[in-house]
Amino acid sequence: MNLAARRRAAIRIVALDRPLEASPLFRLSDSADDTVISYETENGGRWRVLPGPGDRLPGTFDQDVYVELCRRFNEADLPGDGAVTFTLHSFLRSIDRRVDGRTYDQLRSALGRLERTTLESANAYYSAATSGFINGQFAVLSSVSIERRRNVDREQLGLFAAVPAAEPGVARVVLHPLVRDNITARHVVTLSLARYFALQSPVARRLYRLLEIARANGMVTWRVTLERLRDMLPLVQRYPSHLQRVLQPAHVMLVEAGLVRDAGFRQQRREWNAEYVLASRAE
């Protein structure tokens with residue numbers, strides 16, 4: 001494979017920190033008013049997501065920003081300092097969002113939340129660097145800085161048709177060492193960006209990320225209780241009927257996208273399960 005082909009492949013595929021993917025981080029309803037996400041891992045670890053002072057938990061827009069940041073980190077050949085630089089305009093275009101004052105503000109807020117939101121692990125998050133589960137706190141981003149272009153620069157930008165004169169600035173963000181070390185060590189799951197962004201539901205996008213963990217674990221069929229799946233996504237609904245109502249449209253999207261062969265629900269005694277049959281990546 002030549003260099004151009006490798007770059008095209010890198011654009012299509014993004015590697016995400018596998019331990020971070022396994023735990024809930026993004027609220028799938030931006031209207032949810034929960035102040036903390038709490039989750040117990042299969043090994044008995046405890047995971048919490050705490051918003052920054054005066055802020056809310058990361059939401060659906062932030063989920064897409066996180067995925068795109070990881071793509072850019074991979075595309076930059078995994079810089080050792082974890083730094084990724086980009087214009088806000090190019091970033092919004094990459095995630096197929098309208099470019100205007102509102103989305104610029106959304107992007108600035110999302111980057112700030114990923115820096116200020118505290119992720120707390122008590123034997124819940126695995127670090128490839130230490131080959132063990134950690135006890136401590138960290139954030140997705142270690143630092144975020146956004147420099148607005150000088151007025152003279154913005155005037156000059158108008159001379160070039162390919163660059164919008166309204167470009168508000170350049171961002172430089174740094175992935176936290178724990179996150180970038182896992183990605184660099186290839187302790188990851190991989191997604192197709194085209195398939196990810198083609199899914200129109202934040203729930204479907206999060207399910208896709210969880211299904212890739214099952215694939216990385218060598219599973220062809222993944223069965224999980226609805227209660228457990230609710231906590232992993234996470235969702236605010238409690239009753240099985242309400243959860244099925246939220247999940248069913250996402251299941252349809254996943255099947256139509258060729259990411260699963262089948263997705264459904266099954267009751268065993270008094271417990272409801274979600275069941276997924278993964279499609280091969282060649283499909």
# chains A, B, ... in the order shown; residues from 1 in each chain; ligands from 1

$ residues_around --residues "A:Gln63" --least-positions-apart "2" --cutoff "9 Å" --atoms "only C-alpha atoms" --output "list of chain:residue names"
A:Leu25, A:Phe26, A:Arg27, A:Leu28, A:Pro58, A:Gly59, A:Thr60, A:Phe61, A:Val65, A:Tyr66, A:Val67, A:Glu68, A:Ala110, A:Pro202, A:Arg205, A:Arg206

$ write_last_selection --atoms "C-alpha atoms" --output "PDB file, in the first residue's frame"
ATOM      1  CA  LEU A  25     -19.155   9.427  29.115  1.00  0.00           C
ATOM      2  CA  PHE A  26     -21.629  11.274  26.874  1.00  0.00           C
ATOM      3  CA  ARG A  27     -25.266  11.878  27.745  1.00  0.00           C
ATOM      4  CA  LEU A  28     -27.369  10.843  24.759  1.00  0.00           C
ATOM      5  CA  PRO A  58     -20.848  16.123  27.770  1.00  0.00           C
ATOM      6  CA  GLY A  59     -23.658  15.406  25.316  1.00  0.00           C
ATOM      7  CA  THR A  60     -24.386  14.292  21.778  1.00  0.00           C
ATOM      8  CA  PHE A  61     -22.426  17.031  19.995  1.00  0.00           C
ATOM      9  CA  VAL A  65     -16.216  16.118  18.639  1.00  0.00           C
ATOM     10  CA  TYR A  66     -14.391  13.443  20.639  1.00  0.00           C
ATOM     11  CA  VAL A  67     -14.431  10.995  17.711  1.00  0.00           C
ATOM     12  CA  GLU A  68     -13.128  13.641  15.314  1.00  0.00           C
ATOM     13  CA  ALA A 110     -17.622  21.121  23.646  1.00  0.00           C
ATOM     14  CA  PRO A 202     -26.727   9.570  18.776  1.00  0.00           C
ATOM     15  CA  ARG A 205     -23.633   6.011  17.094  1.00  0.00           C
ATOM     16  CA  ARG A 206     -22.975   5.036  20.711  1.00  0.00           C
TER      17      ARG A 206
END

$ residues_around --residues "stretch 180-197 of chain A" --least-positions-apart "5" --cutoff "9 Å" --atoms "only C-alpha atoms" --output "number ranges by chain"
A: 11-19, 21, 64, 67-68, 70-71, 73-74, 78-82, 95-96, 126-129, 175, 204-205, 208-209, 212-213, 215-216, 257-259

$ select_by_dssp --residues "stretch 32-279 of chain A" --states "strand (DSSP E or B)" --output "compact mmCIF listing (two decimals) with C-alpha atoms, in the first residue's frame"
# COMPACT_ATOMS: atom_id res chain seq x y z
CA ILE A 37 -22.76 9.59 35.64
CA SER A 38 -22.00 6.62 37.89
CA TYR A 39 -21.17 3.17 36.56
CA GLU A 40 -19.85 -0.12 37.91
CA ARG A 46 -16.27 2.28 39.90
CA TRP A 47 -16.44 4.97 37.22
CA ARG A 48 -17.85 8.46 37.57
CA VAL A 49 -18.19 11.42 35.20
CA LEU A 50 -18.43 14.78 36.95
CA ALA A 83 -1.27 18.06 20.56
CA VAL A 84 -3.68 18.51 17.66
CA THR A 85 -4.13 21.85 15.87
CA PHE A 86 -7.00 22.81 13.56
CA THR A 87 -9.25 25.66 12.50
CA THR A 118 -13.61 15.02 35.43
CA LEU A 119 -13.37 11.28 34.77
CA GLU A 120 -12.92 9.37 38.01
CA SER A 121 -11.68 5.79 38.04
CA ALA A 122 -11.52 3.39 40.98
CA ASN A 123 -10.06 0.29 39.29
CA ALA A 124 -12.32 1.01 36.31
CA TYR A 125 -10.05 2.47 33.59
CA TYR A 126 -7.24 0.34 32.16
CA SER A 127 -3.93 2.01 31.34
CA GLY A 132 -3.27 -2.13 35.10
CA PHE A 133 -6.40 -0.36 36.25
CA ILE A 134 -5.93 3.10 37.67
CA ASN A 135 -7.25 4.92 40.71
CA GLY A 136 -7.46 8.64 40.07
CA GLN A 137 -8.98 11.44 38.05
CA PHE A 138 -8.29 12.74 34.56
CA LEU A 141 -8.21 16.79 27.11
CA SER A 142 -5.30 18.14 29.16
CA SER A 143 -5.53 21.61 27.66
CA VAL A 144 -7.48 23.66 25.13
CA SER A 145 -6.47 26.99 23.62
CA ILE A 146 -8.26 28.87 20.86
CA GLU A 147 -6.57 31.85 19.25
CA VAL A 170 -7.29 28.17 15.43
CA ALA A 171 -7.59 25.62 18.22
CA ARG A 172 -4.78 23.65 19.82
CA VAL A 173 -5.88 20.80 22.05
CA VAL A 174 -3.85 18.19 23.91
CA LEU A 175 -5.16 14.68 24.54
CA VAL A 188 -8.15 0.53 20.76
CA VAL A 189 -11.33 -0.17 18.88
CA THR A 190 -11.70 1.09 15.32
CA LEU A 191 -14.66 2.68 13.59
CA SER A 192 -15.55 3.49 10.02
CA THR A 221 -23.09 -12.31 18.99
CA TRP A 222 -23.40 -9.87 21.87
CA ARG A 223 -26.12 -10.30 24.47
CA VAL A 224 -26.53 -7.74 27.26
CA THR A 225 -29.31 -7.05 29.74
CA VAL A 260 -25.20 -5.83 12.41
CA ARG A 261 -27.05 -8.68 10.76
CA ASP A 262 -29.73 -8.67 13.41
CA ALA A 263 -30.67 -6.70 16.51
CA GLY A 264 -33.58 -7.33 18.84
CA PHE A 265 -34.90 -8.00 22.33
CA ARG A 266 -35.56 -11.22 24.19
CA GLN A 267 -37.10 -11.84 27.58
CA GLN A 268 -35.73 -14.63 29.75
CA GLU A 271 -35.15 -10.18 32.57
CA TRP A 272 -35.01 -8.40 29.22
CA ASN A 273 -31.91 -8.63 27.01
CA ALA A 274 -30.74 -6.88 23.87
CA GLU A 275 -29.11 -9.21 21.34
CA TYR A 276 -26.89 -8.27 18.41
CA VAL A 277 -25.41 -10.39 15.63
CA LEU A 278 -22.42 -8.53 14.23

$ closest_residue --among "A:Ser241, A:Thr35, A:Ser23, A:Thr41" --to "A:Pro53" --atoms "only C-alpha atoms"
A:Thr35

$ closest_residue --among "A:Val99, A:Leu235, A:Val220, A:Leu247" --to "A:Ala279" --atoms "only C-alpha atoms"
A:Val220

$ residues_around --residues "A:Tyr104" --least-positions-apart "6" --cutoff "10 Å" --atoms "only C-alpha atoms" --output "tab-separated table (two decimals) with C-alpha atoms, in the first residue's frame"
chain	number	residue	atom	x	y	z
A	88	LEU	CA	-12.75	25.61	13.92
A	89	HIS	CA	-14.11	25.91	10.39
A	91	PHE	CA	-13.34	20.85	12.17
A	92	LEU	CA	-17.03	21.61	11.74
A	97	ARG	CA	-22.03	20.46	10.69
A	98	ARG	CA	-23.29	23.81	9.49
A	110	ALA	CA	-17.62	21.12	23.65
A	167	GLU	CA	-12.92	32.04	10.24
A	168	PRO	CA	-12.87	32.72	14.01
A	169	GLY	CA	-9.56	31.14	14.93

$ closest_residue --among "A:Ala214, A:Pro177, A:Pro234, A:Ser109" --to "A:Ser29" --atoms "only C-alpha atoms"
A:Pro234

$ select_by_dssp --residues "stretch 69-266 of chain A" --states "alpha helix (DSSP H)" --output "PyMOL selection string"
chain A and resi 69-75+88-94+101-116+151-157+177-184+193-198+202-216+226-232+240-256

$ write_last_selection --atoms "C-alpha atoms" --output "PDB file, in the first residue's frame"
ATOM      1  CA  LEU A  69     -10.353  14.651  17.735  1.00  0.00           C
ATOM      2  CA  CYS A  70      -9.187  11.039  17.847  1.00  0.00           C
ATOM      3  CA  ARG A  71      -9.243  10.883  14.049  1.00  0.00           C
ATOM      4  CA  ARG A  72      -7.051  13.964  13.829  1.00  0.00           C
ATOM      5  CA  PHE A  73      -4.670  12.582  16.462  1.00  0.00           C
ATOM      6  CA  ASN A  74      -4.297   9.387  14.419  1.00  0.00           C
ATOM      7  CA  GLU A  75      -3.963  11.302  11.157  1.00  0.00           C
ATOM      8  CA  LEU A  88     -12.751  25.614  13.923  1.00  0.00           C
ATOM      9  CA  HIS A  89     -14.106  25.913  10.391  1.00  0.00           C
ATOM     10  CA  SER A  90     -12.326  22.816   9.084  1.00  0.00           C
ATOM     11  CA  PHE A  91     -13.335  20.851  12.167  1.00  0.00           C
ATOM     12  CA  LEU A  92     -17.033  21.613  11.745  1.00  0.00           C
ATOM     13  CA  ARG A  93     -16.843  20.709   8.076  1.00  0.00           C
ATOM     14  CA  SER A  94     -15.217  17.385   8.994  1.00  0.00           C
ATOM     15  CA  GLY A 101     -21.786  31.519  14.778  1.00  0.00           C
ATOM     16  CA  ARG A 102     -23.949  29.041  16.664  1.00  0.00           C
ATOM     17  CA  THR A 103     -21.889  25.975  15.778  1.00  0.00           C
ATOM     18  CA  TYR A 104     -18.642  27.840  16.457  1.00  0.00           C
ATOM     19  CA  ASP A 105     -19.945  28.470  19.969  1.00  0.00           C
ATOM     20  CA  GLN A 106     -21.030  24.832  20.286  1.00  0.00           C
ATOM     21  CA  LEU A 107     -17.569  23.634  19.291  1.00  0.00           C
ATOM     22  CA  ARG A 108     -15.800  25.967  21.718  1.00  0.00           C
ATOM     23  CA  SER A 109     -18.114  24.807  24.509  1.00  0.00           C
ATOM     24  CA  ALA A 110     -17.622  21.121  23.646  1.00  0.00           C
ATOM     25  CA  LEU A 111     -13.826  21.442  23.677  1.00  0.00           C
ATOM     26  CA  GLY A 112     -13.996  23.217  27.015  1.00  0.00           C
ATOM     27  CA  ARG A 113     -16.229  20.513  28.478  1.00  0.00           C
ATOM     28  CA  LEU A 114     -13.849  17.762  27.373  1.00  0.00           C
ATOM     29  CA  GLU A 115     -11.114  19.595  29.281  1.00  0.00           C
ATOM     30  CA  ARG A 116     -13.161  20.443  32.412  1.00  0.00           C
ATOM     31  CA  ASN A 151      -8.218  41.509  12.104  1.00  0.00           C
ATOM     32  CA  VAL A 152      -5.573  41.927   9.410  1.00  0.00           C
ATOM     33  CA  ASP A 153      -5.435  38.160   8.972  1.00  0.00           C
ATOM     34  CA  ARG A 154      -9.203  37.943   8.680  1.00  0.00           C
ATOM     35  CA  GLU A 155      -9.183  40.687   6.041  1.00  0.00           C
ATOM     36  CA  GLN A 156      -6.540  38.803   4.091  1.00  0.00           C
ATOM     37  CA  LEU A 157      -8.526  35.580   4.313  1.00  0.00           C
ATOM     38  CA  PRO A 177      -1.546  11.170  28.408  1.00  0.00           C
ATOM     39  CA  LEU A 178      -3.701   8.230  29.546  1.00  0.00           C
ATOM     40  CA  VAL A 179      -5.918   8.492  26.459  1.00  0.00           C
ATOM     41  CA  ARG A 180      -3.119   9.008  23.957  1.00  0.00           C
ATOM     42  CA  ASP A 181      -0.946   6.278  25.516  1.00  0.00           C
ATOM     43  CA  ASN A 182      -3.736   3.727  25.031  1.00  0.00           C
ATOM     44  CA  ILE A 183      -4.205   4.803  21.419  1.00  0.00           C
ATOM     45  CA  THR A 184      -0.465   4.746  20.735  1.00  0.00           C
ATOM     46  CA  LEU A 193     -16.095   7.252  10.037  1.00  0.00           C
ATOM     47  CA  ALA A 194     -18.355   7.115   7.012  1.00  0.00           C
ATOM     48  CA  ARG A 195     -20.633   4.608   8.736  1.00  0.00           C
ATOM     49  CA  TYR A 196     -20.465   6.424  12.065  1.00  0.00           C
ATOM     50  CA  PHE A 197     -21.542   9.791  10.671  1.00  0.00           C
ATOM     51  CA  ALA A 198     -24.140   8.175   8.400  1.00  0.00           C
ATOM     52  CA  PRO A 202     -26.727   9.570  18.776  1.00  0.00           C
ATOM     53  CA  VAL A 203     -27.979   6.321  20.323  1.00  0.00           C
ATOM     54  CA  ALA A 204     -27.080   4.391  17.153  1.00  0.00           C
ATOM     55  CA  ARG A 205     -23.633   6.011  17.094  1.00  0.00           C
ATOM     56  CA  ARG A 206     -22.975   5.036  20.711  1.00  0.00           C
ATOM     57  CA  LEU A 207     -24.256   1.496  20.085  1.00  0.00           C
ATOM     58  CA  TYR A 208     -21.877   1.215  17.138  1.00  0.00           C
ATOM     59  CA  ARG A 209     -18.974   2.116  19.433  1.00  0.00           C
ATOM     60  CA  LEU A 210     -20.044  -0.508  21.981  1.00  0.00           C
ATOM     61  CA  LEU A 211     -20.493  -3.156  19.299  1.00  0.00           C
ATOM     62  CA  GLU A 212     -16.907  -2.605  18.161  1.00  0.00           C
ATOM     63  CA  ILE A 213     -15.771  -3.470  21.696  1.00  0.00           C
ATOM     64  CA  ALA A 214     -17.656  -6.762  21.380  1.00  0.00           C
ATOM     65  CA  ARG A 215     -15.951  -7.337  18.018  1.00  0.00           C
ATOM     66  CA  ALA A 216     -12.539  -6.559  19.518  1.00  0.00           C
ATOM     67  CA  LEU A 226     -31.308  -3.912  29.050  1.00  0.00           C
ATOM     68  CA  GLU A 227     -30.452  -2.647  32.507  1.00  0.00           C
ATOM     69  CA  ARG A 228     -26.740  -3.048  31.826  1.00  0.00           C
ATOM     70  CA  LEU A 229     -27.005  -1.543  28.346  1.00  0.00           C
ATOM     71  CA  ARG A 230     -28.898   1.444  29.762  1.00  0.00           C
ATOM     72  CA  ASP A 231     -25.965   2.160  32.078  1.00  0.00           C
ATOM     73  CA  MET A 232     -23.335   1.651  29.364  1.00  0.00           C
ATOM     74  CA  PRO A 240     -37.874  -2.080  29.578  1.00  0.00           C
ATOM     75  CA  SER A 241     -40.708  -0.882  27.350  1.00  0.00           C
ATOM     76  CA  HIS A 242     -39.346   2.675  27.357  1.00  0.00           C
ATOM     77  CA  LEU A 243     -35.800   1.475  26.651  1.00  0.00           C
ATOM     78  CA  GLN A 244     -36.994  -0.665  23.747  1.00  0.00           C
ATOM     79  CA  ARG A 245     -38.827   2.336  22.301  1.00  0.00           C
ATOM     80  CA  VAL A 246     -35.579   4.341  22.319  1.00  0.00           C
ATOM     81  CA  LEU A 247     -33.366   1.504  21.069  1.00  0.00           C
ATOM     82  CA  GLN A 248     -35.555   0.127  18.277  1.00  0.00           C
ATOM     83  CA  PRO A 249     -34.982   2.985  15.773  1.00  0.00           C
ATOM     84  CA  ALA A 250     -31.240   2.731  16.424  1.00  0.00           C
ATOM     85  CA  HIS A 251     -31.412  -1.022  15.754  1.00  0.00           C
ATOM     86  CA  VAL A 252     -33.034  -0.361  12.387  1.00  0.00           C
ATOM     87  CA  MET A 253     -30.259   2.096  11.479  1.00  0.00           C
ATOM     88  CA  LEU A 254     -27.531  -0.365  12.454  1.00  0.00           C
ATOM     89  CA  VAL A 255     -29.061  -3.138  10.340  1.00  0.00           C
ATOM     90  CA  GLU A 256     -29.586  -0.829   7.348  1.00  0.00           C
TER      91      GLU A 256
END

$ atom_distance --atom1 "atom CA of A:Val36" --atom2 "atom CA of A:Asp55"
11.3 Å

$ atom_distance --atom1 "atom CA of A:Thr117" --atom2 "atom CA of A:Gly45"
19.5 Å
